[in-house]
file structure_25.cif (mmCIF, C-alpha atoms)
data_model
loop_
_atom_site.label_atom_id
_atom_site.label_comp_id
_atom_site.auth_asym_id
_atom_site.auth_seq_id
_atom_site.Cartn_x
_atom_site.Cartn_y
_atom_site.Cartn_z
CA MET O 218 -17.05 77.40 -61.95
CA LYS O 219 -14.83 80.14 -60.57
CA PRO O 220 -13.42 79.74 -57.04
CA GLU O 221 -15.27 82.90 -56.00
CA THR O 222 -18.58 81.41 -57.13
CA LEU O 223 -18.01 78.20 -55.18
CA GLU O 224 -17.03 80.24 -52.12
CA LEU O 225 -20.28 82.23 -52.32
CA ILE O 226 -22.35 79.05 -52.71
CA THR O 227 -20.57 77.50 -49.72
CA LEU O 228 -21.13 80.55 -47.53
CA ILE O 229 -24.85 80.47 -48.38
CA TRP O 230 -24.80 76.75 -47.59
CA ILE O 231 -23.29 77.46 -44.16
CA GLY O 232 -25.95 80.10 -43.56
CA LEU O 233 -28.65 77.55 -44.37
CA ALA O 234 -27.06 75.12 -41.88
CA ILE O 235 -27.40 77.71 -39.13
CA ALA O 236 -31.06 78.28 -40.03
CA VAL O 237 -31.73 74.53 -40.01
CA HIS O 238 -29.96 74.22 -36.66
CA VAL O 239 -32.35 76.70 -35.07
CA THR O 240 -35.39 75.11 -36.74
CA MET O 241 -34.52 71.63 -35.48
CA PHE O 242 -34.94 72.75 -31.89
CA TYR O 243 -38.63 73.19 -32.71
CA VAL O 244 -39.20 70.45 -35.31
CA THR O 245 -38.09 66.85 -34.70
CA ALA O 246 -36.85 65.03 -37.81
CA PRO O 247 -39.45 62.25 -38.30
CA PHE O 248 -37.41 59.09 -38.74
CA GLY O 249 -36.08 56.32 -36.54
CA ARG O 250 -37.69 56.39 -33.10
CA HIS O 251 -39.29 59.72 -33.99
CA THR O 252 -41.08 58.44 -37.11
CA SER O 253 -44.54 59.90 -37.66
CA ASP O 254 -47.19 59.14 -40.28
CA LYS O 255 -47.97 62.85 -40.44
CA TRP O 256 -45.12 63.39 -42.92
CA GLY O 257 -46.61 61.56 -45.89
CA MET O 258 -45.60 58.40 -47.72
CA THR O 259 -43.00 56.12 -46.15
CA ILE O 260 -40.65 53.37 -47.34
CA ASN O 261 -38.62 50.56 -45.80
CA ASN O 262 -35.95 51.98 -43.47
CA LYS O 263 -33.13 49.96 -45.07
CA ILE O 264 -34.04 51.10 -48.58
CA GLY O 265 -34.44 54.66 -47.36
CA TRP O 266 -30.95 54.72 -45.84
CA PHE O 267 -29.42 53.32 -49.02
CA ILE O 268 -31.18 55.74 -51.37
CA MET O 269 -30.49 58.88 -49.35
CA GLU O 270 -26.78 58.18 -48.73
CA LEU O 271 -25.96 56.90 -52.22
CA PRO O 272 -25.59 60.32 -53.93
CA SER O 273 -22.73 61.34 -51.62
CA LEU O 274 -20.85 58.15 -52.44
CA LEU O 275 -21.41 58.33 -56.20
CA ILE O 276 -20.60 62.03 -56.53
CA MET O 277 -17.27 61.69 -54.74
CA VAL O 278 -16.35 58.59 -56.76
CA TYR O 279 -17.15 60.57 -59.91
CA PHE O 280 -14.96 63.52 -58.92
CA LEU O 281 -12.13 61.22 -57.83
CA ALA O 282 -12.21 59.34 -61.13
CA LEU O 283 -12.69 62.28 -63.49
CA GLY O 284 -11.44 65.37 -61.63
CA SER O 285 -8.72 67.54 -63.11
CA ASN O 286 -6.50 67.63 -60.01
CA THR O 287 -6.98 64.23 -58.40
CA THR O 288 -3.85 62.76 -59.99
CA GLU O 289 -1.71 65.86 -59.50
CA THR O 290 -2.29 66.38 -55.77
CA TYR O 291 -2.80 64.35 -52.62
CA VAL O 292 -6.53 65.05 -52.48
CA TRP O 293 -7.12 61.36 -53.20
CA ILE O 294 -6.48 60.82 -49.48
CA LEU O 295 -9.46 63.01 -48.58
CA PHE O 296 -11.57 61.38 -51.27
CA SER O 297 -10.65 57.93 -49.94
CA LEU O 298 -11.62 58.76 -46.36
CA TRP O 299 -14.94 60.22 -47.53
CA ILE O 300 -15.68 57.22 -49.75
CA PHE O 301 -14.79 54.76 -46.99
CA HIS O 302 -17.21 56.48 -44.63
CA TYR O 303 -20.02 56.48 -47.16
CA LEU O 304 -19.44 52.89 -48.22
CA ASN O 305 -20.23 52.06 -44.61
CA ARG O 306 -23.22 54.41 -44.39
CA THR O 307 -24.66 53.50 -47.80
CA ILE O 308 -24.12 49.74 -47.97
CA VAL O 309 -22.80 48.20 -44.75
CA TYR O 310 -24.97 50.06 -42.23
CA PRO O 311 -28.33 49.44 -43.98
CA LEU O 312 -27.48 45.75 -44.26
CA ARG O 313 -26.75 45.57 -40.53
CA ILE O 314 -29.80 47.38 -39.19
CA LYS O 315 -33.04 45.49 -38.77
CA SER O 316 -36.17 46.31 -40.72
CA THR O 317 -38.90 47.55 -38.40
CA GLU O 318 -42.54 48.49 -38.64
CA LYS O 319 -41.45 52.11 -38.40
CA LYS O 320 -40.78 53.27 -41.94
CA MET O 321 -38.84 56.26 -43.22
CA PRO O 322 -40.86 59.15 -44.69
CA LEU O 323 -40.02 59.99 -48.30
CA PHE O 324 -39.85 63.59 -47.11
CA ILE O 325 -36.73 62.71 -45.11
CA VAL O 326 -35.23 60.73 -48.00
CA PHE O 327 -35.66 63.61 -50.46
CA ASN O 328 -34.26 66.15 -48.00
CA ALA O 329 -31.24 63.92 -47.35
CA ILE O 330 -30.68 63.50 -51.09
CA PHE O 331 -30.69 67.27 -51.52
CA PHE O 332 -28.22 67.68 -48.68
CA ASN O 333 -25.89 64.98 -49.97
CA VAL O 334 -25.93 66.28 -53.54
CA VAL O 335 -24.99 69.82 -52.46
CA ASN O 336 -22.58 68.73 -49.73
CA ALA O 337 -20.69 66.23 -51.87
CA GLY O 338 -20.96 68.58 -54.83
CA VAL O 339 -19.19 71.54 -53.21
CA ASN O 340 -16.59 69.37 -51.50
CA GLY O 341 -15.94 67.16 -54.52
CA TYR O 342 -15.73 70.07 -56.95
CA PHE O 343 -13.31 71.96 -54.74
CA LEU O 344 -10.98 69.00 -54.31
CA ALA O 345 -11.15 67.89 -57.94
CA GLU O 346 -11.12 71.20 -59.76
CA ILE O 347 -9.93 74.03 -57.51
CA ALA O 348 -7.44 72.46 -55.09
CA THR O 349 -3.81 72.93 -56.12
CA SER O 350 -0.58 71.00 -55.69
CA GLU O 351 0.69 73.88 -53.55
CA GLN O 352 -2.16 73.27 -51.11
CA TYR O 353 -2.16 69.46 -51.06
CA ASN O 354 1.44 68.34 -51.44
CA ARG O 355 3.94 66.27 -49.42
CA GLU O 356 4.39 69.12 -46.96
CA TRP O 357 0.64 69.06 -46.32
CA LEU O 358 0.92 65.42 -45.21
CA SER O 359 3.34 66.40 -42.46
CA SER O 360 1.53 69.59 -41.43
CA PRO O 361 0.20 69.78 -37.85
CA HIS O 362 -3.38 70.34 -39.01
CA PHE O 363 -3.31 67.27 -41.29
CA ILE O 364 -1.85 65.00 -38.61
CA ALA O 365 -4.20 66.29 -35.90
CA GLY O 366 -7.18 66.19 -38.27
CA PHE O 367 -6.45 62.62 -39.33
CA ILE O 368 -6.26 61.48 -35.70
CA VAL O 369 -9.51 63.27 -34.89
CA PHE O 370 -11.21 61.83 -38.00
CA VAL O 371 -10.22 58.24 -37.24
CA THR O 372 -11.18 58.67 -33.57
CA GLY O 373 -14.62 59.96 -34.54
CA MET O 374 -15.13 57.15 -37.04
CA MET O 375 -14.23 54.51 -34.44
CA ILE O 376 -16.60 56.06 -31.90
CA ASN O 377 -19.39 56.17 -34.48
CA MET O 378 -18.93 52.59 -35.67
CA LYS O 379 -18.58 51.08 -32.19
CA SER O 380 -21.64 52.98 -30.97
CA ASP O 381 -23.65 51.81 -33.98
CA ALA O 382 -22.60 48.22 -33.26
CA ILE O 383 -23.84 48.52 -29.66
CA LEU O 384 -27.17 49.99 -30.76
CA ILE O 385 -27.70 47.35 -33.45
CA GLY O 386 -26.86 44.60 -30.96
CA LEU O 387 -29.52 45.74 -28.50
CA ARG O 388 -32.34 44.41 -30.61
CA LYS O 389 -32.27 40.63 -30.98
CA LYS O 390 -33.89 38.78 -33.87
CA GLY O 391 -37.65 39.19 -33.74
CA GLU O 392 -37.57 42.02 -31.20
CA THR O 393 -39.07 45.40 -32.04
CA GLY O 394 -38.84 47.37 -28.79
CA TYR O 395 -36.17 49.77 -27.53
CA GLN O 396 -33.75 49.26 -24.66
CA ILE O 397 -31.39 51.52 -22.74
CA PRO O 398 -27.92 51.23 -24.31
CA ARG O 399 -25.11 50.76 -21.83
CA GLY O 400 -21.34 50.58 -21.88
CA PHE O 401 -18.66 52.51 -23.78
CA LEU O 402 -19.60 56.21 -24.12
CA PHE O 403 -23.26 55.38 -23.52
CA ASP O 404 -22.40 55.57 -19.84
CA TYR O 405 -21.86 59.31 -20.33
CA ILE O 406 -24.10 60.42 -23.19
CA SER O 407 -27.22 59.25 -25.00
CA SER O 408 -25.86 59.52 -28.55
CA PRO O 409 -22.15 58.68 -28.85
CA ASN O 410 -22.83 57.58 -32.44
CA LEU O 411 -23.80 61.16 -33.28
CA LEU O 412 -20.87 62.56 -31.29
CA GLY O 413 -18.60 60.29 -33.34
CA GLU O 414 -19.84 61.83 -36.58
CA ILE O 415 -19.40 65.36 -35.24
CA ILE O 416 -15.82 64.53 -34.26
CA GLU O 417 -15.19 62.72 -37.53
CA TRP O 418 -16.15 65.56 -39.85
CA SER O 419 -14.50 68.15 -37.62
CA GLY O 420 -11.31 66.15 -38.17
CA PHE O 421 -11.94 66.09 -41.91
CA ALA O 422 -12.33 69.88 -41.95
CA LEU O 423 -9.07 70.21 -40.00
CA MET O 424 -7.26 67.94 -42.44
CA ALA O 425 -8.68 69.52 -45.58
CA TRP O 426 -8.42 73.10 -44.31
CA ASN O 427 -10.86 74.52 -46.85
CA LEU O 428 -14.27 76.21 -46.74
CA PRO O 429 -16.38 73.37 -48.22
CA ALA O 430 -14.97 70.91 -45.66
CA LEU O 431 -15.73 73.41 -42.90
CA SER O 432 -19.29 73.66 -44.20
CA PHE O 433 -19.72 69.90 -43.77
CA ALA O 434 -18.49 70.12 -40.17
CA VAL O 435 -20.92 72.99 -39.51
CA TRP O 436 -23.80 71.03 -41.05
CA THR O 437 -22.94 67.93 -39.03
CA PHE O 438 -23.00 69.90 -35.79
CA ALA O 439 -26.13 71.83 -36.79
CA ASN O 440 -28.04 68.67 -37.67
CA LEU O 441 -26.86 66.19 -35.05
CA VAL O 442 -26.79 68.23 -31.84
CA PRO O 443 -30.57 68.93 -31.90
CA ARG O 444 -31.20 65.31 -32.91
CA ALA O 445 -29.11 64.08 -29.98
CA LEU O 446 -31.14 66.29 -27.66
CA ASN O 447 -34.34 64.80 -29.11
CA HIS O 448 -32.98 61.29 -28.50
CA HIS O 449 -32.01 62.21 -24.95
CA ASN O 450 -35.44 63.61 -24.11
CA TRP O 451 -37.11 60.58 -25.74
CA TYR O 452 -35.08 58.19 -23.58
CA LYS O 453 -35.99 60.10 -20.42
CA GLU O 454 -39.70 60.02 -21.33
CA LYS O 455 -39.63 56.37 -22.39
CA PHE O 456 -37.64 54.94 -19.47
CA SER O 457 -38.31 55.99 -15.88
CA ASP O 458 -34.98 54.45 -14.83
CA TYR O 459 -32.91 56.24 -17.46
CA PRO O 460 -29.55 57.27 -15.93
CA LYS O 461 -29.91 60.83 -14.68
CA GLU O 462 -26.20 61.57 -14.94
CA ARG O 463 -26.11 61.06 -18.70
CA LYS O 464 -25.89 64.05 -20.99
CA ALA O 465 -27.18 64.17 -24.56
CA VAL O 466 -24.13 64.44 -26.81
CA PHE O 467 -21.13 66.06 -25.09
CA PRO O 468 -20.01 64.31 -21.87
CA PHE O 469 -20.48 66.43 -18.71
CA ILE O 470 -21.66 69.40 -20.80
CA ILE O 471 -24.93 68.93 -22.68
#

call {"tool": "encode", "arguments": {"input": "structure_25.cif", "output": "structure tokens"}}
result
Amino acid sequence: MKPETLELITLIWIGLAIAVHVTMFYVTAPFGRHTSDKWGMTINNKIGWFIMELPSLLIMVYFLALGSNTTETYVWILFSLWIFHYLNRTIVYPLRIKSTEKKMPLFIVFNAIFFNVVNAGVNGYFLAEIATSEQYNREWLSSPHFIAGFIVFVTGMMINMKSDAILIGLRKKGETGYQIPRGFLFDYISSPNLLGEIIEWSGFALMAWNLPALSFAVWTFANLVPRALNHHNWYKEKFSDYPKERKAVFPFII
């Protein structure tokens, strides 16, 4: 594939992210606390998480192992960070969450598979086949955008993982109900786990400094901001004593 072709595909992909962003203000993704039986067949939430996240992990492992440029440049650093994240999302996270009566619609699983195939495909192909040693060399490792991006990425990952741990810990063995999460960034926003992912992939885009990585950051924002707003509104409807000072996803802003 020519670089120009990948660039066109990625620009179309970014355009689709913007369209999805607008749509999600009117349609709530039906999984988790928003699960609905109106969206067709459902499966166990643990299995659903594993199946839908697995393509992103496998595709990037494939490109890392068999890509033309992965041994000639420092792109293995970006691959490693991506793979570490998706090892957690694909294997560790599903093992930690508790199975509930609320299942995951296959509609969501298939949509997530499509997203992960395209997202990992454009990013993996760029890094493995198009990236050059002039772009990802030793000087890149000391560049301001790599250093800043790495700090932002790690910060976002830590926020995401700590927030997930708090949410998982709310529900004790045998419990099925929801509680108001408290402590850490939950004192300021309803979804610090989602904020963590937005920060994380913004940092990745800053580190990588390429169009496919930017597209992932755009998609993350486009997908998670409306979902955070849905969570926020759900909490306010569910709990009459929900803290009024909390925002949805960005402290003191929204």

call {"tool": "residues_around", "arguments": {"input": "structure_25.cif", "residues": "Asp458 in chain O", "least_positions_apart": "6", "cutoff": "12 Å", "atoms": "all atoms listed in the file", "output": "CSV table (one decimal) with C-alpha atoms, in the coordinates of the input"}}
result
chain,number,residue,atom,x,y,z
O,396,GLN,CA,-33.8,49.3,-24.7
O,397,ILE,CA,-31.4,51.5,-22.7
O,452,TYR,CA,-35.1,58.2,-23.6

call {"tool": "residues_around", "arguments": {"input": "structure_25.cif", "residues": "Val278 in chain O", "least_positions_apart": "2", "cutoff": "9 Å", "atoms": "only C-alpha atoms", "output": "PyMOL selection string"}}
result
chain O and resi 273-276+280-283+296-297+300+341

call {"tool": "resolve_selection", "arguments": {"input": "structure_25.cif", "expression": "the PyMOL selection byres ((chain O and resi 449) around 10)", "output": "ChimeraX atom specification"}}
result
/O:406-408,443-448,450-455,459,463-466

call {"tool": "residues_around", "arguments": {"input": "structure_25.cif", "residues": "Val309 in chain O", "least_positions_apart": "6", "cutoff": "12 Å", "atoms": "only C-alpha atoms", "output": "PDB file with C-alpha atoms, in the coordinates of the input"}}
result
ATOM      1  CA  LYS O 263     -33.130  49.960 -45.070  1.00  0.00           C
ATOM      2  CA  TRP O 266     -30.950  54.720 -45.840  1.00  0.00           C
ATOM      3  CA  PHE O 267     -29.420  53.320 -49.020  1.00  0.00           C
ATOM      4  CA  GLU O 270     -26.780  58.180 -48.730  1.00  0.00           C
ATOM      5  CA  LEU O 271     -25.960  56.900 -52.220  1.00  0.00           C
ATOM      6  CA  PHE O 301     -14.790  54.760 -46.990  1.00  0.00           C
ATOM      7  CA  HIS O 302     -17.210  56.480 -44.630  1.00  0.00           C
ATOM      8  CA  TYR O 303     -20.020  56.480 -47.160  1.00  0.00           C
ATOM      9  CA  MET O 378     -18.930  52.590 -35.670  1.00  0.00           C
ATOM     10  CA  ASP O 381     -23.650  51.810 -33.980  1.00  0.00           C
ATOM     11  CA  ALA O 382     -22.600  48.220 -33.260  1.00  0.00           C
TER      12      ALA O 382
END

call {"tool": "resolve_selection", "arguments": {"input": "structure_25.cif", "expression": "the PyMOL selection byres ((chain O and resi 434) around 8)", "output": "list in words"}}
result
Ile415, Trp418, Ser419, Phe421, Ala422, Ala430, Leu431, Ser432, Phe433, Val435, Trp436, Thr437 and Phe438 of chain O

call {"tool": "closest_residue", "arguments": {"input": "structure_25.cif", "among": "O:Pro429, O:Gly338, O:Gly420, O:Gly284", "to": "Gly373 in chain O", "atoms": "all atoms listed in the file"}}
result
O:Gly420

call {"tool": "atom_distance", "arguments": {"input": "structure_25.cif", "atom1": "CA of Ile471 in chain O", "atom2": "CA of Asn336 in chain O"}}
result
27.2 Å

call {"tool": "resolve_selection", "arguments": {"input": "structure_25.cif", "expression": "the PyMOL selection byres ((chain O and resi 410) around 7)", "output": "ChimeraX atom specification"}}
result
/O:376-377,380-381,408-409,411-414

call {"tool": "atom_distance", "arguments": {"input": "structure_25.cif", "atom1": "CA of Tyr279 in chain O", "atom2": "CA of Ile364 in chain O"}}
result
26.6 Å

call {"tool": "build_atoms", "arguments": {"input": "structure_25.cif", "residues": "range 428-450 of chain O", "atoms": "N, CA and C atoms", "output": "tab-separated table (two decimals), keeping the file's coordinate frame"}}
result
chain	number	residue	atom	x	y	z
O	428	LEU	N	-12.93	75.76	-47.12
O	428	LEU	CA	-14.27	76.21	-46.74
O	428	LEU	C	-15.34	75.14	-46.95
O	429	PRO	N	-15.36	74.41	-48.08
O	429	PRO	CA	-16.38	73.37	-48.22
O	429	PRO	C	-16.31	72.31	-47.12
O	430	ALA	N	-15.10	71.89	-46.73
O	430	ALA	CA	-14.97	70.91	-45.66
O	430	ALA	C	-15.48	71.48	-44.34
O	431	LEU	N	-15.20	72.75	-44.10
O	431	LEU	CA	-15.73	73.41	-42.90
O	431	LEU	C	-17.25	73.42	-42.92
O	432	SER	N	-17.82	73.63	-44.11
O	432	SER	CA	-19.29	73.66	-44.20
O	432	SER	C	-19.89	72.32	-43.81
O	433	PHE	N	-19.22	71.23	-44.15
O	433	PHE	CA	-19.72	69.90	-43.77
O	433	PHE	C	-19.67	69.74	-42.26
O	434	ALA	N	-18.60	70.20	-41.63
O	434	ALA	CA	-18.49	70.12	-40.17
O	434	ALA	C	-19.59	70.95	-39.51
O	435	VAL	N	-19.86	72.13	-40.05
O	435	VAL	CA	-20.92	72.99	-39.51
O	435	VAL	C	-22.28	72.31	-39.66
O	436	TRP	N	-22.54	71.73	-40.82
O	436	TRP	CA	-23.80	71.03	-41.05
O	436	TRP	C	-23.96	69.84	-40.11
O	437	THR	N	-22.88	69.10	-39.91
O	437	THR	CA	-22.94	67.93	-39.03
O	437	THR	C	-23.32	68.35	-37.62
O	438	PHE	N	-22.67	69.39	-37.11
O	438	PHE	CA	-23.00	69.90	-35.79
O	438	PHE	C	-24.43	70.42	-35.75
O	439	ALA	N	-24.82	71.21	-36.76
O	439	ALA	CA	-26.13	71.83	-36.79
O	439	ALA	C	-27.25	70.79	-36.82
O	440	ASN	N	-27.01	69.71	-37.51
O	440	ASN	CA	-28.04	68.67	-37.67
O	440	ASN	C	-28.07	67.71	-36.48
O	441	LEU	N	-26.91	67.29	-36.01
O	441	LEU	CA	-26.86	66.19	-35.05
O	441	LEU	C	-27.01	66.61	-33.59
O	442	VAL	N	-26.62	67.81	-33.24
O	442	VAL	CA	-26.79	68.23	-31.84
O	442	VAL	C	-28.28	68.30	-31.46
O	443	PRO	N	-29.14	68.96	-32.26
O	443	PRO	CA	-30.57	68.93	-31.90
O	443	PRO	C	-31.14	67.52	-31.92
O	444	ARG	N	-30.69	66.68	-32.86
O	444	ARG	CA	-31.20	65.31	-32.91
O	444	ARG	C	-30.78	64.54	-31.66
O	445	ALA	N	-29.56	64.74	-31.21
O	445	ALA	CA	-29.11	64.08	-29.98
O	445	ALA	C	-29.95	64.53	-28.79
O	446	LEU	N	-30.29	65.79	-28.74
O	446	LEU	CA	-31.14	66.29	-27.66
O	446	LEU	C	-32.53	65.66	-27.72
O	447	ASN	N	-33.05	65.48	-28.94
O	447	ASN	CA	-34.34	64.80	-29.11
O	447	ASN	C	-34.27	63.36	-28.62
O	448	HIS	N	-33.17	62.66	-28.98
O	448	HIS	CA	-32.98	61.29	-28.50
O	448	HIS	C	-32.95	61.25	-26.97
O	449	HIS	N	-32.20	62.16	-26.40
O	449	HIS	CA	-32.01	62.21	-24.95
O	449	HIS	C	-33.36	62.40	-24.24
O	450	ASN	N	-34.13	63.35	-24.72
O	450	ASN	CA	-35.44	63.61	-24.11
O	450	ASN	C	-36.38	62.42	-24.31
